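Structure file data13.cif (mmCIF, C-alpha atoms and all ligand atoms) follows.
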data_run
#
loop_
_atom_site.group_PDB
_atom_site.id
_atom_site.type_symbol
_atom_site.label_atom_id
_atom_site.label_comp_id
_atom_site.auth_asym_id
_atom_site.auth_seq_id
_atom_site.Cartn_x
_atom_site.Cartn_y
_atom_site.Cartn_z
ATOM 1 C CA MET D 15 9.437 -67.861 -3.176
ATOM 2 C CA GLU D 16 7.474 -64.753 -2.249
ATOM 3 C CA GLU D 17 6.747 -64.037 1.394
ATOM 4 C CA ASP D 18 3.204 -64.736 2.474
ATOM 5 C CA SER D 19 1.483 -61.666 3.789
ATOM 6 C CA SER D 20 0.507 -61.872 7.427
ATOM 7 C CA PRO D 21 -3.034 -60.651 7.803
ATOM 8 C CA ALA D 22 -4.559 -59.680 11.138
ATOM 9 C CA PHE D 23 -8.143 -60.615 11.927
ATOM 10 C CA LEU D 24 -11.092 -59.477 13.974
ATOM 11 C CA VAL D 25 -13.551 -62.326 14.439
ATOM 12 C CA ASP D 26 -17.228 -62.051 15.295
ATOM 13 C CA GLY D 27 -18.991 -64.025 18.040
ATOM 14 C CA MET D 28 -20.048 -66.963 15.883
ATOM 15 C CA LEU D 29 -16.555 -68.010 14.803
ATOM 16 C CA GLY D 30 -14.825 -68.608 18.124
ATOM 17 C CA THR D 31 -13.275 -71.962 17.226
ATOM 18 C CA THR D 32 -11.946 -70.550 13.968
ATOM 19 C CA ALA D 33 -10.424 -67.651 15.918
ATOM 20 C CA ARG D 34 -8.584 -70.046 18.250
ATOM 21 C CA LYS D 35 -7.231 -72.079 15.328
ATOM 22 C CA LEU D 36 -6.010 -68.924 13.582
ATOM 23 C CA ARG D 37 -4.093 -67.984 16.725
ATOM 24 C CA ILE D 38 -2.500 -71.439 16.919
ATOM 25 C CA LEU D 39 -1.480 -70.896 13.289
ATOM 26 C CA GLY D 40 0.266 -67.711 14.418
ATOM 27 C CA PHE D 41 -2.141 -65.054 13.134
ATOM 28 C CA ASP D 42 -2.848 -61.935 15.152
ATOM 29 C CA THR D 43 -6.549 -62.518 15.874
ATOM 30 C CA ILE D 44 -8.964 -60.583 18.042
ATOM 31 C CA TYR D 45 -12.123 -62.450 18.977
ATOM 32 C CA ASP D 46 -14.972 -60.234 20.053
ATOM 33 C CA PRO D 47 -18.178 -62.045 21.015
ATOM 34 C CA LYS D 48 -19.706 -59.043 22.795
ATOM 35 C CA SER D 49 -19.716 -56.076 20.443
ATOM 36 C CA GLY D 50 -22.582 -55.229 18.133
ATOM 37 C CA ASP D 51 -22.240 -54.987 14.365
ATOM 38 C CA LYS D 52 -21.350 -51.298 14.285
ATOM 39 C CA GLU D 53 -18.668 -51.631 16.959
ATOM 40 C CA LEU D 54 -17.150 -54.667 15.228
ATOM 41 C CA VAL D 55 -16.881 -52.881 11.903
ATOM 42 C CA ARG D 56 -15.552 -49.708 13.514
ATOM 43 C CA ALA D 57 -12.908 -51.708 15.401
ATOM 44 C CA ALA D 58 -11.895 -53.618 12.258
ATOM 45 C CA LEU D 59 -11.541 -50.384 10.286
ATOM 46 C CA SER D 60 -9.567 -48.517 12.928
ATOM 47 C CA SER D 61 -7.205 -51.462 13.568
ATOM 48 C CA ARG D 62 -6.919 -52.344 9.837
ATOM 49 C CA ARG D 63 -7.963 -55.903 10.528
ATOM 50 C CA THR D 64 -9.944 -58.166 8.266
ATOM 51 C CA LEU D 65 -13.363 -58.824 9.746
ATOM 52 C CA LEU D 66 -14.352 -62.502 9.681
ATOM 53 C CA THR D 67 -18.053 -63.147 9.926
ATOM 54 C CA SER D 68 -20.640 -65.685 8.853
ATOM 55 C CA ASP D 69 -23.340 -63.012 9.020
ATOM 56 C CA PHE D 70 -24.113 -61.800 5.504
ATOM 57 C CA GLU D 71 -25.584 -58.475 6.630
ATOM 58 C CA LEU D 72 -22.554 -57.694 8.758
ATOM 59 C CA TYR D 73 -20.286 -58.590 5.852
ATOM 60 C CA VAL D 74 -22.172 -56.285 3.493
ATOM 61 C CA TYR D 75 -22.136 -53.496 6.071
ATOM 62 C CA ALA D 76 -18.347 -53.775 6.507
ATOM 63 C CA LYS D 77 -17.838 -53.783 2.752
ATOM 64 C CA SER D 78 -20.088 -50.727 2.343
ATOM 65 C CA LEU D 79 -17.666 -48.825 4.578
ATOM 66 C CA LYS D 80 -14.723 -50.066 2.501
ATOM 67 C CA GLY D 81 -13.516 -52.378 5.244
ATOM 68 C CA ASN D 82 -11.726 -55.661 4.665
ATOM 69 C CA ALA D 83 -14.155 -58.454 5.381
ATOM 70 C CA ILE D 84 -14.480 -62.130 4.586
ATOM 71 C CA LEU D 85 -17.783 -63.979 4.620
ATOM 72 C CA VAL D 86 -16.981 -67.348 6.180
ATOM 73 C CA LYS D 87 -19.457 -69.990 5.118
ATOM 74 C CA GLY D 88 -17.661 -73.319 5.341
ATOM 75 C CA LYS D 89 -19.389 -76.209 7.071
ATOM 76 C CA GLY D 90 -16.387 -77.725 8.862
ATOM 77 C CA GLU D 91 -13.360 -76.181 10.519
ATOM 78 C CA GLN D 92 -11.108 -77.265 7.652
ATOM 79 C CA GLU D 93 -13.250 -75.546 5.030
ATOM 80 C CA ARG D 94 -13.584 -72.380 7.131
ATOM 81 C CA LEU D 95 -9.838 -72.089 7.730
ATOM 82 C CA TYR D 96 -9.145 -72.704 4.071
ATOM 83 C CA GLN D 97 -11.575 -69.959 3.018
ATOM 84 C CA VAL D 98 -10.110 -67.443 5.429
ATOM 85 C CA LEU D 99 -6.497 -68.122 4.450
ATOM 86 C CA ALA D 100 -7.098 -68.388 0.694
ATOM 87 C CA LYS D 101 -9.098 -65.161 0.634
ATOM 88 C CA SER D 102 -6.380 -63.450 2.688
ATOM 89 C CA GLY D 103 -3.699 -64.338 0.164
ATOM 90 C CA VAL D 104 -1.993 -66.881 2.422
ATOM 91 C CA HIS D 105 -0.560 -69.654 0.253
ATOM 92 C CA ALA D 106 0.614 -72.095 2.896
ATOM 93 C CA VAL D 107 0.497 -72.788 6.611
ATOM 94 C CA ARG D 108 3.777 -71.633 8.131
ATOM 95 C CA VAL D 109 5.017 -74.448 10.361
ATOM 96 C CA ASP D 110 7.547 -72.116 11.993
ATOM 97 C CA ARG D 111 4.701 -69.911 13.223
ATOM 98 C CA LEU D 112 2.692 -72.633 14.935
ATOM 99 C CA LEU D 113 2.469 -72.053 18.661
ATOM 100 C CA SER D 114 3.533 -68.425 18.446
ATOM 101 C CA ARG D 115 0.267 -66.992 19.824
ATOM 102 C CA CYS D 116 -1.942 -67.833 22.781
ATOM 103 C CA SER D 117 -5.214 -69.425 21.635
ATOM 104 C CA VAL D 118 -6.986 -67.942 24.663
ATOM 105 C CA CYS D 119 -5.878 -64.295 24.648
ATOM 106 C CA ASN D 120 -3.857 -63.728 21.436
ATOM 107 C CA GLY D 121 -0.730 -62.949 23.507
ATOM 108 C CA GLU D 122 2.758 -63.748 22.280
ATOM 109 C CA LEU D 123 4.157 -67.178 23.232
ATOM 110 C CA VAL D 124 7.705 -67.440 24.543
ATOM 111 C CA ASP D 125 9.911 -70.540 24.629
ATOM 112 C CA THR D 126 10.484 -71.509 28.262
ATOM 113 C CA GLY D 127 13.632 -73.440 27.384
ATOM 114 C CA THR D 128 12.212 -76.651 28.882
ATOM 115 C CA GLU D 129 10.832 -79.761 27.199
ATOM 116 C CA MET D 130 8.147 -82.307 27.919
ATOM 117 C CA LEU D 131 8.932 -86.042 28.035
ATOM 118 C CA ASN D 132 7.917 -86.259 24.360
ATOM 119 C CA GLU D 133 10.589 -83.618 23.636
ATOM 120 C CA SER D 134 8.025 -80.971 22.767
ATOM 121 C CA LYS D 135 9.193 -77.499 23.680
ATOM 122 C CA VAL D 136 7.143 -75.750 26.345
ATOM 123 C CA TYR D 137 5.959 -72.207 25.718
ATOM 124 C CA TYR D 138 4.194 -69.707 27.931
ATOM 125 C CA CYS D 139 1.971 -66.773 27.103
ATOM 126 C CA ARG D 140 3.491 -63.395 27.882
ATOM 127 C CA SER D 141 0.022 -61.967 28.579
ATOM 128 C CA CYS D 142 -1.943 -64.593 30.537
ATOM 129 C CA GLY D 143 0.739 -67.111 31.532
ATOM 130 C CA LYS D 144 -0.934 -70.178 29.967
ATOM 131 C CA ARG D 145 1.534 -72.895 29.026
ATOM 132 C CA TYR D 146 1.556 -74.754 25.697
ATOM 133 C CA TRP D 147 3.208 -77.814 24.253
ATOM 134 C CA ARG D 148 2.503 -80.324 21.540
ATOM 135 C CA GLY D 149 0.504 -82.778 23.609
ATOM 136 C CA SER D 150 -1.944 -85.528 22.703
ATOM 137 C CA HIS D 151 -4.351 -83.054 21.065
ATOM 138 C CA TRP D 152 -1.619 -81.927 18.710
ATOM 139 C CA LYS D 153 -1.999 -84.922 16.366
ATOM 140 C CA LYS D 154 -5.547 -83.884 15.565
ATOM 141 C CA LEU D 155 -4.612 -80.239 15.105
ATOM 142 C CA SER D 156 -1.639 -81.154 13.001
ATOM 143 C CA ALA D 157 -3.807 -83.324 10.735
ATOM 144 C CA LEU D 158 -6.275 -80.447 10.362
ATOM 145 C CA PHE D 159 -3.518 -77.977 9.442
ATOM 146 C CA ASP D 160 -1.987 -80.463 6.986
ATOM 147 C CA ALA D 161 -5.359 -80.859 5.291
ATOM 148 C CA VAL D 162 -5.806 -77.075 5.062
ATOM 149 C CA ASN D 163 -2.304 -76.793 3.671
ATOM 150 C CA ILE D 164 -3.049 -79.330 0.946
ATOM 151 C CA MET D 165 -6.172 -77.351 -0.016
ATOM 152 C CA LEU D 166 -4.130 -74.127 -0.156
ATOM 153 C CA THR D 167 -1.283 -75.543 -2.222
ATOM 154 C CA THR D 168 -3.608 -77.382 -4.590
ATOM 155 C CA ASN D 169 -5.609 -74.250 -5.204
ATOM 156 C CA ARG D 170 -2.438 -72.338 -5.858
ATOM 157 C CA SER D 171 -1.012 -74.711 -8.412
ATOM 158 C CA GLU D 172 -4.301 -74.593 -10.321
ATOM 159 C CA THR D 173 -4.259 -70.819 -10.553
ATOM 160 C CA ALA D 174 -0.502 -70.412 -11.109
HETATM 161 ZN ZN ZN L 1 -2.614 -65.855 26.799
#

Mind converting the file's structure to structure tokens?
Ligand SMILES: [Zn+2]
Amino acid sequence: MEEDSSPAFLVDGMLGTTARKLRILGFDTIYDPKSGDKELVRAALSSRRTLLTSDFELYVYAKSLKGNAILVKGKGEQERLYQVLAKSGVHAVRVDRLLSRCSVCNGELVDTGTEMLNESKVYYCRSCGKRYWRGSHWKKLSALFDAVNIMLTTNRSETA
């Protein structure tokens, strides 16, 4: 099986929840709710990141400068994540990369070597110190990622 590429993203102010989910999925994701269009595109170009935006004009502007950009138009989180990953050439959610990045600051998560009562490993963020484990919210997240994965693999088998 070929290795999935690992794209890096720069996400505009309207897609904050998508940015957090991408980080939980292990993707290097910068979320920038403050910069204007020109700054966003300049930052995406100079850092070689794919700009994610739901703003058509911003998308066209990025493309006109030969930047990588994806217009994200899905209604729900599942559809948005699917669009981003499929258009980035990602064929499946990598389970081994879940909980490798901080959803708050994009920092790298490190295994603390301790476990919760439910035997989930506990991780901490190297940058901001936030701790993570697979708690009660994880079931919902896990179901979302499974659903995205099914969309990705189904799409792939149709085009293979
Ligand atoms: Zn952090």

If you take all atoms listed in the file and a cut-off of 12 Å, which residues of chain D touch ligand ZN 1 (chain L), and what are their nearest atom pairs and distances in Å to one decimal, in chain and number order, as CSV?
residue,atom,partner,partner_atom,distance
D:Arg34,CA,L:ZN1,ZN,11.2
D:Arg37,CA,L:ZN1,ZN,10.4
D:Ile38,CA,L:ZN1,ZN,11.3
D:Leu113,CA,L:ZN1,ZN,11.4
D:Ser114,CA,L:ZN1,ZN,10.7
D:Arg115,CA,L:ZN1,ZN,7.6
D:Cys116,CA,L:ZN1,ZN,4.5
D:Ser117,CA,L:ZN1,ZN,6.8
D:Val118,CA,L:ZN1,ZN,5.3
D:Cys119,CA,L:ZN1,ZN,4.2
D:Asn120,CA,L:ZN1,ZN,5.9
D:Gly121,CA,L:ZN1,ZN,4.8
D:Glu122,CA,L:ZN1,ZN,7.3
D:Leu123,CA,L:ZN1,ZN,7.8
D:Val124,CA,L:ZN1,ZN,10.7
D:Tyr137,CA,L:ZN1,ZN,10.7
D:Tyr138,CA,L:ZN1,ZN,7.9
D:Cys139,CA,L:ZN1,ZN,4.7
D:Arg140,CA,L:ZN1,ZN,6.7
D:Ser141,CA,L:ZN1,ZN,5.0
D:Cys142,CA,L:ZN1,ZN,4.0
D:Gly143,CA,L:ZN1,ZN,5.9
D:Lys144,CA,L:ZN1,ZN,5.6
D:Arg145,CA,L:ZN1,ZN,8.5
D:Tyr146,CA,L:ZN1,ZN,9.9

Review point. For the atom pair CA of Arg108 in chain D and CA of Leu65 in chain D, what is the interatomic distance in Å to one decimal place?
Key: 21.5 Å

Exercise for review: Find, counting all atoms listed in the file, the residue in D:Ala57, D:Val74, D:Thr43, D:Leu66 that gets nearest to Asp26 in chain D.
Suggested key: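 Distance minimum relative to Asp26 in chain D lands on D:Leu66.
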
Point to revise | Resolved residues for the PyMOL selection byres (((chain D and resi 75) around 12) and not hetatm) as a ChimeraX atom specification | key: /D:51-56,58-59,65,67,69-74,76-85

Prev. selection, C-alpha atoms, output as a PDB file, keeping the file's coordinate frame:
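Once written, out.pdb looks like this:
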ATOM      1  CA  ASP D  51     -22.240 -54.987  14.365  1.00  0.00           C
ATOM      2  CA  LYS D  52     -21.350 -51.298  14.285  1.00  0.00           C
ATOM      3  CA  GLU D  53     -18.668 -51.631  16.959  1.00  0.00           C
ATOM      4  CA  LEU D  54     -17.150 -54.667  15.228  1.00  0.00           C
ATOM      5  CA  VAL D  55     -16.881 -52.881  11.903  1.00  0.00           C
ATOM      6  CA  ARG D  56     -15.552 -49.708  13.514  1.00  0.00           C
ATOM      7  CA  ALA D  58     -11.895 -53.618  12.258  1.00  0.00           C
ATOM      8  CA  LEU D  59     -11.541 -50.384  10.286  1.00  0.00           C
ATOM      9  CA  LEU D  65     -13.363 -58.824   9.746  1.00  0.00           C
ATOM     10  CA  THR D  67     -18.053 -63.147   9.926  1.00  0.00           C
ATOM     11  CA  ASP D  69     -23.340 -63.012   9.020  1.00  0.00           C
ATOM     12  CA  PHE D  70     -24.113 -61.800   5.504  1.00  0.00           C
ATOM     13  CA  GLU D  71     -25.584 -58.475   6.630  1.00  0.00           C
ATOM     14  CA  LEU D  72     -22.554 -57.694   8.758  1.00  0.00           C
ATOM     15  CA  TYR D  73     -20.286 -58.590   5.852  1.00  0.00           C
ATOM     16  CA  VAL D  74     -22.172 -56.285   3.493  1.00  0.00           C
ATOM     17  CA  ALA D  76     -18.347 -53.775   6.507  1.00  0.00           C
ATOM     18  CA  LYS D  77     -17.838 -53.783   2.752  1.00  0.00           C
ATOM     19  CA  SER D  78     -20.088 -50.727   2.343  1.00  0.00           C
ATOM     20  CA  LEU D  79     -17.666 -48.825   4.578  1.00  0.00           C
ATOM     21  CA  LYS D  80     -14.723 -50.066   2.501  1.00  0.00           C
ATOM     22  CA  GLY D  81     -13.516 -52.378   5.244  1.00  0.00           C
ATOM     23  CA  ASN D  82     -11.726 -55.661   4.665  1.00  0.00           C
ATOM     24  CA  ALA D  83     -14.155 -58.454   5.381  1.00  0.00           C
ATOM     25  CA  ILE D  84     -14.480 -62.130   4.586  1.00  0.00           C
ATOM     26  CA  LEU D  85     -17.783 -63.979   4.620  1.00  0.00           C
TER      27      LEU D  85
END

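Residues matched by the PyMOL selection byres (((chain D and resi 109) around 12) and not hetatm) in this file are Ile38, Leu39, Gly40, Ala106, Val107, Arg108, Asp110, Arg111, Leu112, Leu113, Ser114, Ser156, Phe159, Asp160 and Asn163 of chain D.
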
Written selection (C-alpha atoms) as a JSON list (two decimals), in the frame of the given file:
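result.json was written with the following content:
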[["chain", "number", "residue", "atom", "x", "y", "z"],
["D", 38, "ILE", "CA", -2.50, -71.44, 16.92],
["D", 39, "LEU", "CA", -1.48, -70.90, 13.29],
["D", 40, "GLY", "CA", 0.27, -67.71, 14.42],
["D", 106, "ALA", "CA", 0.61, -72.10, 2.90],
["D", 107, "VAL", "CA", 0.50, -72.79, 6.61],
["D", 108, "ARG", "CA", 3.78, -71.63, 8.13],
["D", 110, "ASP", "CA", 7.55, -72.12, 11.99],
["D", 111, "ARG", "CA", 4.70, -69.91, 13.22],
["D", 112, "LEU", "CA", 2.69, -72.63, 14.94],
["D", 113, "LEU", "CA", 2.47, -72.05, 18.66],
["D", 114, "SER", "CA", 3.53, -68.42, 18.45],
["D", 156, "SER", "CA", -1.64, -81.15, 13.00],
["D", 159, "PHE", "CA", -3.52, -77.98, 9.44],
["D", 160, "ASP", "CA", -1.99, -80.46, 6.99],
["D", 163, "ASN", "CA", -2.30, -76.79, 3.67]]

Review point. Using only C-alpha atoms, which residue out of D:Pro47, D:Gly90, D:Pro21, D:Gly30 lies closest to Leu158 in chain D?
Key: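 Closest to Leu158 in chain D of all the choices is D:Gly90.
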
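If all atoms listed in the file are the atoms counted, then among D:Ser20, D:Ser134, D:Thr167, D:Ser60 the closest residue to His105 in chain D is D:Thr167.
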
Revision key, fill the gap. Computed gap from CA of Val162 in chain D to CA of Leu95 in chain D is 6.9 Å

Write only N, CA and C atoms for range 16-49 of chain D from the block just shown, as a PDB file, in the first residue's frame.
ATOM      1  N   GLU D  16       0.501   2.224  -0.811  1.00  0.00           N
ATOM      2  CA  GLU D  16       1.292   3.461  -0.853  1.00  0.00           C
ATOM      3  C   GLU D  16       1.087   4.261   0.436  1.00  0.00           C
ATOM      4  N   GLU D  17       2.080   5.050   0.768  1.00  0.00           N
ATOM      5  CA  GLU D  17       1.982   5.922   1.937  1.00  0.00           C
ATOM      6  C   GLU D  17       1.088   7.110   1.602  1.00  0.00           C
ATOM      7  N   ASP D  18       0.185   7.430   2.513  1.00  0.00           N
ATOM      8  CA  ASP D  18      -0.591   8.649   2.323  1.00  0.00           C
ATOM      9  C   ASP D  18       0.325   9.846   2.504  1.00  0.00           C
ATOM     10  N   SER D  19       0.120  10.858   1.685  1.00  0.00           N
ATOM     11  CA  SER D  19       0.887  12.076   1.888  1.00  0.00           C
ATOM     12  C   SER D  19       0.367  12.735   3.161  1.00  0.00           C
ATOM     13  N   SER D  20       1.161  13.583   3.752  1.00  0.00           N
ATOM     14  CA  SER D  20       0.719  14.241   4.972  1.00  0.00           C
ATOM     15  C   SER D  20       0.700  15.736   4.760  1.00  0.00           C
ATOM     16  N   PRO D  21      -0.422  16.237   4.279  1.00  0.00           N
ATOM     17  CA  PRO D  21      -0.507  17.661   3.985  1.00  0.00           C
ATOM     18  C   PRO D  21      -0.523  18.509   5.252  1.00  0.00           C
ATOM     19  N   ALA D  22      -0.084  19.754   5.120  1.00  0.00           N
ATOM     20  CA  ALA D  22      -0.172  20.715   6.211  1.00  0.00           C
ATOM     21  C   ALA D  22      -1.163  21.793   5.784  1.00  0.00           C
ATOM     22  N   PHE D  23      -1.911  22.311   6.756  1.00  0.00           N
ATOM     23  CA  PHE D  23      -2.999  23.226   6.421  1.00  0.00           C
ATOM     24  C   PHE D  23      -2.864  24.574   7.115  1.00  0.00           C
ATOM     25  N   LEU D  24      -3.441  25.570   6.470  1.00  0.00           N
ATOM     26  CA  LEU D  24      -3.641  26.875   7.095  1.00  0.00           C
ATOM     27  C   LEU D  24      -5.131  27.175   6.932  1.00  0.00           C
ATOM     28  N   VAL D  25      -5.816  27.387   8.048  1.00  0.00           N
ATOM     29  CA  VAL D  25      -7.276  27.422   8.029  1.00  0.00           C
ATOM     30  C   VAL D  25      -7.779  28.825   8.354  1.00  0.00           C
ATOM     31  N   ASP D  26      -8.720  29.302   7.578  1.00  0.00           N
ATOM     32  CA  ASP D  26      -9.228  30.658   7.805  1.00  0.00           C
ATOM     33  C   ASP D  26     -10.214  30.698   8.983  1.00  0.00           C
ATOM     34  N   GLY D  27     -10.618  31.894   9.370  1.00  0.00           N
ATOM     35  CA  GLY D  27     -11.384  32.112  10.594  1.00  0.00           C
ATOM     36  C   GLY D  27     -12.729  31.426  10.676  1.00  0.00           C
ATOM     37  N   MET D  28     -13.297  31.033   9.538  1.00  0.00           N
ATOM     38  CA  MET D  28     -14.640  30.457   9.564  1.00  0.00           C
ATOM     39  C   MET D  28     -14.648  28.949   9.789  1.00  0.00           C
ATOM     40  N   LEU D  29     -13.480  28.328   9.780  1.00  0.00           N
ATOM     41  CA  LEU D  29     -13.429  26.864   9.845  1.00  0.00           C
ATOM     42  C   LEU D  29     -12.696  26.354  11.090  1.00  0.00           C
ATOM     43  N   GLY D  30     -12.946  27.029  12.209  1.00  0.00           N
ATOM     44  CA  GLY D  30     -12.253  26.683  13.446  1.00  0.00           C
ATOM     45  C   GLY D  30     -12.487  25.257  13.925  1.00  0.00           C
ATOM     46  N   THR D  31     -13.732  24.777  13.837  1.00  0.00           N
ATOM     47  CA  THR D  31     -13.986  23.413  14.322  1.00  0.00           C
ATOM     48  C   THR D  31     -13.324  22.386  13.412  1.00  0.00           C
ATOM     49  N   THR D  32     -13.305  22.676  12.125  1.00  0.00           N
ATOM     50  CA  THR D  32     -12.615  21.773  11.191  1.00  0.00           C
ATOM     51  C   THR D  32     -11.117  21.744  11.506  1.00  0.00           C
ATOM     52  N   ALA D  33     -10.554  22.908  11.814  1.00  0.00           N
ATOM     53  CA  ALA D  33      -9.132  22.974  12.163  1.00  0.00           C
ATOM     54  C   ALA D  33      -8.826  22.095  13.370  1.00  0.00           C
ATOM     55  N   ARG D  34      -9.672  22.166  14.402  1.00  0.00           N
ATOM     56  CA  ARG D  34      -9.419  21.361  15.609  1.00  0.00           C
ATOM     57  C   ARG D  34      -9.500  19.867  15.306  1.00  0.00           C
ATOM     58  N   LYS D  35     -10.469  19.483  14.470  1.00  0.00           N
ATOM     59  CA  LYS D  35     -10.604  18.061  14.123  1.00  0.00           C
ATOM     60  C   LYS D  35      -9.385  17.588  13.321  1.00  0.00           C
ATOM     61  N   LEU D  36      -8.898  18.425  12.426  1.00  0.00           N
ATOM     62  CA  LEU D  36      -7.722  18.045  11.634  1.00  0.00           C
ATOM     63  C   LEU D  36      -6.515  17.815  12.533  1.00  0.00           C
ATOM     64  N   ARG D  37      -6.395  18.635  13.579  1.00  0.00           N
ATOM     65  CA  ARG D  37      -5.288  18.446  14.523  1.00  0.00           C
ATOM     66  C   ARG D  37      -5.442  17.134  15.278  1.00  0.00           C
ATOM     67  N   ILE D  38      -6.671  16.829  15.703  1.00  0.00           N
ATOM     68  CA  ILE D  38      -6.890  15.558  16.419  1.00  0.00           C
ATOM     69  C   ILE D  38      -6.557  14.382  15.503  1.00  0.00           C
ATOM     70  N   LEU D  39      -6.787  14.575  14.198  1.00  0.00           N
ATOM     71  CA  LEU D  39      -6.436  13.537  13.222  1.00  0.00           C
ATOM     72  C   LEU D  39      -4.933  13.489  12.942  1.00  0.00           C
ATOM     73  N   GLY D  40      -4.182  14.423  13.522  1.00  0.00           N
ATOM     74  CA  GLY D  40      -2.730  14.372  13.406  1.00  0.00           C
ATOM     75  C   GLY D  40      -2.133  15.261  12.327  1.00  0.00           C
ATOM     76  N   PHE D  41      -2.951  16.124  11.706  1.00  0.00           N
ATOM     77  CA  PHE D  41      -2.424  16.987  10.655  1.00  0.00           C
ATOM     78  C   PHE D  41      -1.909  18.310  11.219  1.00  0.00           C
ATOM     79  N   ASP D  42      -0.773  18.712  10.712  1.00  0.00           N
ATOM     80  CA  ASP D  42      -0.158  19.986  11.069  1.00  0.00           C
ATOM     81  C   ASP D  42      -1.063  21.100  10.537  1.00  0.00           C
ATOM     82  N   THR D  43      -1.738  21.809  11.446  1.00  0.00           N
ATOM     83  CA  THR D  43      -2.801  22.738  11.053  1.00  0.00           C
ATOM     84  C   THR D  43      -2.679  24.062  11.792  1.00  0.00           C
ATOM     85  N   ILE D  44      -2.490  25.130  11.047  1.00  0.00           N
ATOM     86  CA  ILE D  44      -2.482  26.455  11.653  1.00  0.00           C
ATOM     87  C   ILE D  44      -3.853  27.079  11.438  1.00  0.00           C
ATOM     88  N   TYR D  45      -4.431  27.581  12.535  1.00  0.00           N
ATOM     89  CA  TYR D  45      -5.728  28.230  12.457  1.00  0.00           C
ATOM     90  C   TYR D  45      -5.514  29.710  12.717  1.00  0.00           C
ATOM     91  N   ASP D  46      -5.924  30.527  11.764  1.00  0.00           N
ATOM     92  CA  ASP D  46      -5.647  31.949  11.871  1.00  0.00           C
ATOM     93  C   ASP D  46      -6.918  32.766  11.678  1.00  0.00           C
ATOM     94  N   PRO D  47      -7.619  33.070  12.785  1.00  0.00           N
ATOM     95  CA  PRO D  47      -8.876  33.801  12.665  1.00  0.00           C
ATOM     96  C   PRO D  47      -8.689  35.313  12.530  1.00  0.00           C
ATOM     97  N   LYS D  48      -7.452  35.799  12.647  1.00  0.00           N
ATOM     98  CA  LYS D  48      -7.252  37.246  12.717  1.00  0.00           C
ATOM     99  C   LYS D  48      -6.777  37.881  11.423  1.00  0.00           C
ATOM    100  N   SER D  49      -5.993  37.173  10.644  1.00  0.00           N
ATOM    101  CA  SER D  49      -5.385  37.789   9.468  1.00  0.00           C
ATOM    102  C   SER D  49      -6.389  38.057   8.357  1.00  0.00           C
TER     103      SER D  49
END
